[in-house]
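Asker: Handing you a structure now.
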Amino acid sequence: MSLAAGHAIISIPGPSPAPERVLRAAHRASPDIYGEELAELNMQVMAQLKRLAGTNAHLAPYIGNGHTAWEAVAANLVSPGDQILVLTSGFFGRAWAEQMATHGAYVEKLDFGNNPVDPERLALRLAEDTDGQIRAVLVCQVDTATGCMADIPAIRQAMGQHPALLIVDAIASLGCAPMMMDDWGVDVLLSSSQKGLMCPPGTAFVWFSDHAASQPAGERKTPFWDWHIRASAGRESLWQFWGGTAPVQQLFALNEALTMLLDEEGLPTAWARHAALARAVWAAVEAWGARNPDIRLAIADPSARAASVTAVHMPFADALRAWVTEQCGVTLGIGLGAQDPASALRIAHMGHANAGMILGALASMQAGLIALEIPHGQGALHAAATVIAEPA
């Protein structure tokens with residue numbers, strides 16, 4: 001017998017669960033794509049997205065996923081031979097470096113394993129670049145595979161007076177953790193719709209500063225990728241924002257989701273909610289690991305853990321993932337990029353997530369540990385519930 005009937009709990013790091021009201025907002029026919037209603041909605045969404053990122057910078061939207069945003073950044077800034085420094089703390093940082101290399105860039109990686117970026121090491125590397133050959137420093141604010149979070153203000157400070165652009169991937173962090181693009185000195189920020197923004201996949205965004213806008217264009221840039229065309233589009237030229245027909249239903253969904261996040265819950269409250277849910281997950285995993293050192297959090301330092309997703313080393317993780325899906329209706333993330341993927345999993349707590357969803361996922365995991373006879377410590381659910389009770 002399976003107990004999986006009922007509303008499923010999706011605890012993967014994207015696409016994250018979309019609120020019912022967001023899906024309802026998207027579920028309507030397109031209005032006149034040349035009319036005032038859609039033009040006004042588009043301008044409203046662009047303004048909301050700037051609020052979300054803490055910026056007055058330029059904004060270029062694209063139809064696509066997070067990899068589309070990577071491609072847009074490369075097309076606008078990178079020419080063959082350009083020197084790029086990528087700070088990596090997991091699978092996605094390394095994949096971003098590989099993508100930059102396909103554009104002909106000379107890519108150097110400062111690889112920190114699955115640990116957070118060490119700003120001092122970055123400062124030492126940039127100090128060696130006395131001729132300013134490094135055009136850009138790239139970093140994921142959160143690497144979705146490891147759940148490792150970079151300290152963006154510390155990285156900016158470590159860069160000192162070096163002329164390189166600071167480019168930040170906030171795909172797995174925006175809306176879940178603080179991001180103040182202007183205050184922190186981020187030159188280019190990128191994200192997408194399917195994680196903290198609580199929408200289906202399909203739209204990607206690149207915010208870029210005046211300094212970034214003034215840089216030489218990438219040799220492979222085409223009119224389609226040109227962020228200047230998109231960022232300078234006006235109310236009367238909706239198609240230029242999107243390189244063609246606007247993703248109408250996505251605009252409806254984004255408007256609803258951003259209203260929920262910015263105007264109803266408020267960003268500081270959303271950040272605090274994500275942080276509390278993350279601490280509950282950490283408490284449970286640490287309790288399970290008390291009697292089994294093979295169960296442990298991928299990131300040892302709590303200050304370097306993401307508020308949006310937690311990576312866990314766990315024996316028989318694949319078997320546990322399968323059991324909780326089949327028996328409980330809970331879907332956990334795969335151990336993407338882990339040294340032993342079969343012994344790793346990820347628990348997402350991003351976007352449209354609440355205490356009941358997280359406690360339900362953890363309780364299902366507890367049941368799976370028992371059913372599969374995986375050794376584990378006791379008190380995990382009590383530890384998680386204690387964290388949840390703290391804000392009250």
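Naming works like this for the structure tokens: A, B, ... for the chains as they're shown, residue 1 at the start of each chain, ligands 1 onward in shown order.
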Kindly provide the residues of segment 294-354 of chain A that approach segment 86-92 of chain A to within 10 Å, each paired with its closest atom pair and their distance in Å to one decimal, based on only C-alpha atoms, listed by chain and increasing number, as JSON lines.
Answerer:
```
{"residue": "A:Leu336", "atom": "CA", "partner": "A:Phe91", "partner_atom": "CA", "distance": 7.4}
{"residue": "A:Gly337", "atom": "CA", "partner": "A:Phe91", "partner_atom": "CA", "distance": 5.2}
{"residue": "A:Ala338", "atom": "CA", "partner": "A:Phe91", "partner_atom": "CA", "distance": 8.1}
```
Asker: Keeping only N, CA, C and O atoms, take the residues you just selected and write them out as a PDB file, in the first residue's frame.
Answerer:
```pdb
ATOM      1  N   LEU A 336      23.056  16.086  -7.444  1.00  0.00           N
ATOM      2  CA  LEU A 336      23.713  16.604  -8.643  1.00  0.00           C
ATOM      3  C   LEU A 336      25.127  17.090  -8.332  1.00  0.00           C
ATOM      4  O   LEU A 336      25.339  17.907  -7.436  1.00  0.00           O
ATOM      5  N   GLY A 337      26.091  16.565  -9.078  1.00  0.00           N
ATOM      6  CA  GLY A 337      27.462  17.003  -8.923  1.00  0.00           C
ATOM      7  C   GLY A 337      28.194  16.427  -7.733  1.00  0.00           C
ATOM      8  O   GLY A 337      29.381  16.709  -7.539  1.00  0.00           O
ATOM      9  N   ALA A 338      27.535  15.601  -6.940  1.00  0.00           N
ATOM     10  CA  ALA A 338      28.186  15.018  -5.764  1.00  0.00           C
ATOM     11  C   ALA A 338      29.204  13.962  -6.196  1.00  0.00           C
ATOM     12  O   ALA A 338      29.094  13.367  -7.271  1.00  0.00           O
TER      13      ALA A 338
END
```
Asker: Please identify the strand (DSSP E or B) residues within segment 237-326 of chain A (assignment by DSSP from backbone atoms) and present them as a PyMOL selection string.
Answerer: chain A and resi 296-297+305+309-313
Asker: For Trp96 of chain A, which residue out of A:Ile134, A:Val168, A:Val312, A:Leu372 is the nearest one, using only C-alpha atoms?
Answerer: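 Of all the options, A:Val168 lies closest to Trp96 of chain A.
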Asker: Counting only C-alpha atoms, which of A:Trp323, A:Ala253, A:Ala298, A:Thr130 gets nearest to Ser193 of chain A?
Answerer: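 Result for the nearest residue to Ser193 of chain A: A:Ala253.
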Asker: Would you work out the distance separating atom CA of Asp340 of chain A from atom CA of Glu71 of chain A, expressed in Å to one decimal?
Answerer: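 Distance between the two atoms: 29.4 Å.
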Asker: Go through A:Leu262, A:Ile299, A:Met198, A:His349 one by one, measure the shortest atom-to-atom distance of each to Glu20 of chain A using only C-alpha atoms, and give the residue with the smallest value.
Answerer: A:Met198
Asker: Enter the distance from atom CA of Asn255 of chain A to atom CA of Val188 of chain A, in Å, rounded to one decimal.
Answerer: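 A separation of 22.9 Å between them.
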Asker: Set the distance at 12 Å and use only C-alpha atoms: which residues neighbour Gln44 of chain A once local chain neighbours fewer than 3 positions away are removed? I'd like the list as a PyMOL selection string.
Answerer: chain A and resi 37-41+47-51+235+251-252+254-256+258-259
Asker: Hey, what's within 12 Å of Ser237 of chain A if we count only C-alpha atoms and toss same-chain stuff fewer than 4 positions away? As a PyMOL selection string, please?
Answerer: chain A and resi 33-36+38-40+42-43+229-233+241-246
Asker: Tell me, in Å to one decimal, how far atom CA of Ser2 of chain A is from atom CA of Trp282 of chain A.
Answerer: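 Taking atom CA of Ser2 of chain A as the start and atom CA of Trp282 of chain A as the end point, the length is 27.8 Å.
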Asker: Can you tell me which residues surround Leu52 of chain A at a distance of at most 9 Å, considering only C-alpha atoms, apart from same-chain residues fewer than 6 positions away, and format the answer as a PyMOL selection string?
Answerer: chain A and resi 174-175+179-180+258+261-262+267
Asker: Run DSSP on the backbone and tell me which residues of segment 122-312 of chain A come out as helix (DSSP H, G or I); list them as number ranges by chain.
Answerer: A: 122-128, 152-159, 181-184, 210-213, 227-231, 238-242, 248-265, 267-289, 302-304
Asker: If you count only C-alpha atoms, which residues fall within 7 Å of Ala57 of chain A, apart from same-chain ones fewer than 5 positions away, as a list in words?
Answerer: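 Here the answer would be Trp207, Phe208 and Ser209 of chain A.
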Asker: Restricted to C-alpha atoms, what would the selected residues look like written as a CSV table (one decimal), in the first residue's frame?
Answerer:
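Just written: result21.csv:
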```
chain,number,residue,atom,x,y,z
A,207,TRP,CA,20.3,43.3,-14.8
A,208,PHE,CA,23.4,45.4,-15.8
A,209,SER,CA,25.0,48.6,-14.5
```
Asker: If we count only C-alpha atoms and set the cut-off at 12 Å, which residues sit around Asp151 of chain A, ignoring sequence neighbours fewer than 6 positions away in its own chain? Please answer as a PDB file with N, CA, C and O atoms, in the first residue's frame.
Answerer:
```
ATOM      1  N   LEU A  87      34.733  31.930  -9.934  1.00  0.00           N
ATOM      2  CA  LEU A  87      34.875  31.413  -8.571  1.00  0.00           C
ATOM      3  C   LEU A  87      33.869  30.285  -8.401  1.00  0.00           C
ATOM      4  O   LEU A  87      32.652  30.508  -8.503  1.00  0.00           O
ATOM      5  N   SER A  89      32.125  26.920  -6.429  1.00  0.00           N
ATOM      6  CA  SER A  89      31.867  26.203  -5.174  1.00  0.00           C
ATOM      7  C   SER A  89      30.894  25.066  -5.407  1.00  0.00           C
ATOM      8  O   SER A  89      30.067  24.755  -4.551  1.00  0.00           O
ATOM      9  N   ASN A 115      33.223  24.338  -0.989  1.00  0.00           N
ATOM     10  CA  ASN A 115      33.306  25.296   0.112  1.00  0.00           C
ATOM     11  C   ASN A 115      33.078  26.704  -0.410  1.00  0.00           C
ATOM     12  O   ASN A 115      33.212  26.973  -1.606  1.00  0.00           O
ATOM     13  N   PRO A 116      32.748  27.630   0.477  1.00  0.00           N
ATOM     14  CA  PRO A 116      32.497  29.002   0.034  1.00  0.00           C
ATOM     15  C   PRO A 116      33.757  29.676  -0.480  1.00  0.00           C
ATOM     16  O   PRO A 116      34.884  29.288  -0.137  1.00  0.00           O
ATOM     17  N   VAL A 117      33.559  30.694  -1.289  1.00  0.00           N
ATOM     18  CA  VAL A 117      34.663  31.480  -1.828  1.00  0.00           C
ATOM     19  C   VAL A 117      35.434  32.144  -0.690  1.00  0.00           C
ATOM     20  O   VAL A 117      34.840  32.715   0.234  1.00  0.00           O
ATOM     21  N   ASP A 118      36.758  32.057  -0.756  1.00  0.00           N
ATOM     22  CA  ASP A 118      37.626  32.736   0.200  1.00  0.00           C
ATOM     23  C   ASP A 118      38.005  34.087  -0.401  1.00  0.00           C
ATOM     24  O   ASP A 118      38.792  34.146  -1.359  1.00  0.00           O
ATOM     25  N   PRO A 119      37.463  35.199   0.106  1.00  0.00           N
ATOM     26  CA  PRO A 119      37.755  36.505  -0.483  1.00  0.00           C
ATOM     27  C   PRO A 119      39.241  36.852  -0.475  1.00  0.00           C
ATOM     28  O   PRO A 119      39.724  37.524  -1.404  1.00  0.00           O
ATOM     29  N   VAL A 139      30.547  34.588 -10.193  1.00  0.00           N
ATOM     30  CA  VAL A 139      30.297  33.763  -9.006  1.00  0.00           C
ATOM     31  C   VAL A 139      28.801  33.501  -8.882  1.00  0.00           C
ATOM     32  O   VAL A 139      27.975  34.364  -9.201  1.00  0.00           O
ATOM     33  N   CYS A 140      28.447  32.294  -8.452  1.00  0.00           N
ATOM     34  CA  CYS A 140      27.061  31.969  -8.093  1.00  0.00           C
ATOM     35  C   CYS A 140      26.827  32.410  -6.652  1.00  0.00           C
ATOM     36  O   CYS A 140      27.566  31.984  -5.757  1.00  0.00           O
ATOM     37  N   GLN A 141      25.818  33.226  -6.417  1.00  0.00           N
ATOM     38  CA  GLN A 141      25.504  33.565  -5.030  1.00  0.00           C
ATOM     39  C   GLN A 141      25.159  32.297  -4.258  1.00  0.00           C
ATOM     40  O   GLN A 141      25.593  32.120  -3.116  1.00  0.00           O
ATOM     41  N   VAL A 142      24.400  31.424  -4.876  1.00  0.00           N
ATOM     42  CA  VAL A 142      24.143  30.083  -4.332  1.00  0.00           C
ATOM     43  C   VAL A 142      24.398  29.079  -5.443  1.00  0.00           C
ATOM     44  O   VAL A 142      23.828  29.200  -6.530  1.00  0.00           O
ATOM     45  N   GLN A 157      34.404  43.613  -1.962  1.00  0.00           N
ATOM     46  CA  GLN A 157      35.459  44.304  -1.222  1.00  0.00           C
ATOM     47  C   GLN A 157      36.831  43.742  -1.578  1.00  0.00           C
ATOM     48  O   GLN A 157      37.811  44.484  -1.719  1.00  0.00           O
ATOM     49  N   ALA A 158      36.916  42.429  -1.741  1.00  0.00           N
ATOM     50  CA  ALA A 158      38.197  41.799  -2.072  1.00  0.00           C
ATOM     51  C   ALA A 158      38.692  42.226  -3.451  1.00  0.00           C
ATOM     52  O   ALA A 158      39.898  42.220  -3.710  1.00  0.00           O
ATOM     53  N   VAL A 168      27.166  38.171 -11.043  1.00  0.00           N
ATOM     54  CA  VAL A 168      26.620  37.262 -10.030  1.00  0.00           C
ATOM     55  C   VAL A 168      25.410  36.512 -10.584  1.00  0.00           C
ATOM     56  O   VAL A 168      24.461  37.116 -11.095  1.00  0.00           O
ATOM     57  N   ALA A 177      16.978  35.123  -0.425  1.00  0.00           N
ATOM     58  CA  ALA A 177      18.045  35.657   0.424  1.00  0.00           C
ATOM     59  C   ALA A 177      18.343  37.084  -0.026  1.00  0.00           C
ATOM     60  O   ALA A 177      18.044  37.456  -1.162  1.00  0.00           O
ATOM     61  N   PRO A 178      18.925  37.883   0.844  1.00  0.00           N
ATOM     62  CA  PRO A 178      19.194  39.282   0.472  1.00  0.00           C
ATOM     63  C   PRO A 178      20.021  39.413  -0.791  1.00  0.00           C
ATOM     64  O   PRO A 178      20.976  38.674  -1.013  1.00  0.00           O
ATOM     65  N   MET A 179      19.634  40.374  -1.604  1.00  0.00           N
ATOM     66  CA  MET A 179      20.403  40.789  -2.774  1.00  0.00           C
ATOM     67  C   MET A 179      20.162  42.278  -2.954  1.00  0.00           C
ATOM     68  O   MET A 179      19.034  42.706  -3.192  1.00  0.00           O
ATOM     69  N   TRP A 184      25.701  46.646  -3.115  1.00  0.00           N
ATOM     70  CA  TRP A 184      26.811  45.698  -3.037  1.00  0.00           C
ATOM     71  C   TRP A 184      27.816  45.848  -4.174  1.00  0.00           C
ATOM     72  O   TRP A 184      28.835  45.178  -4.189  1.00  0.00           O
ATOM     73  N   SER A 303      27.080  29.692   8.189  1.00  0.00           N
ATOM     74  CA  SER A 303      27.023  31.003   7.536  1.00  0.00           C
ATOM     75  C   SER A 303      27.208  30.909   6.032  1.00  0.00           C
ATOM     76  O   SER A 303      26.927  31.871   5.307  1.00  0.00           O
ATOM     77  N   ALA A 304      27.680  29.768   5.553  1.00  0.00           N
ATOM     78  CA  ALA A 304      27.897  29.572   4.117  1.00  0.00           C
ATOM     79  C   ALA A 304      26.837  28.673   3.491  1.00  0.00           C
ATOM     80  O   ALA A 304      26.967  28.280   2.330  1.00  0.00           O
ATOM     81  N   ARG A 305      25.791  28.353   4.231  1.00  0.00           N
ATOM     82  CA  ARG A 305      24.713  27.523   3.690  1.00  0.00           C
ATOM     83  C   ARG A 305      23.616  28.399   3.107  1.00  0.00           C
ATOM     84  O   ARG A 305      23.279  29.441   3.652  1.00  0.00           O
ATOM     85  N   ALA A 306      23.030  27.925   2.029  1.00  0.00           N
ATOM     86  CA  ALA A 306      21.962  28.654   1.364  1.00  0.00           C
ATOM     87  C   ALA A 306      20.665  28.565   2.155  1.00  0.00           C
ATOM     88  O   ALA A 306      20.388  27.563   2.817  1.00  0.00           O
TER      89      ALA A 306
END
```
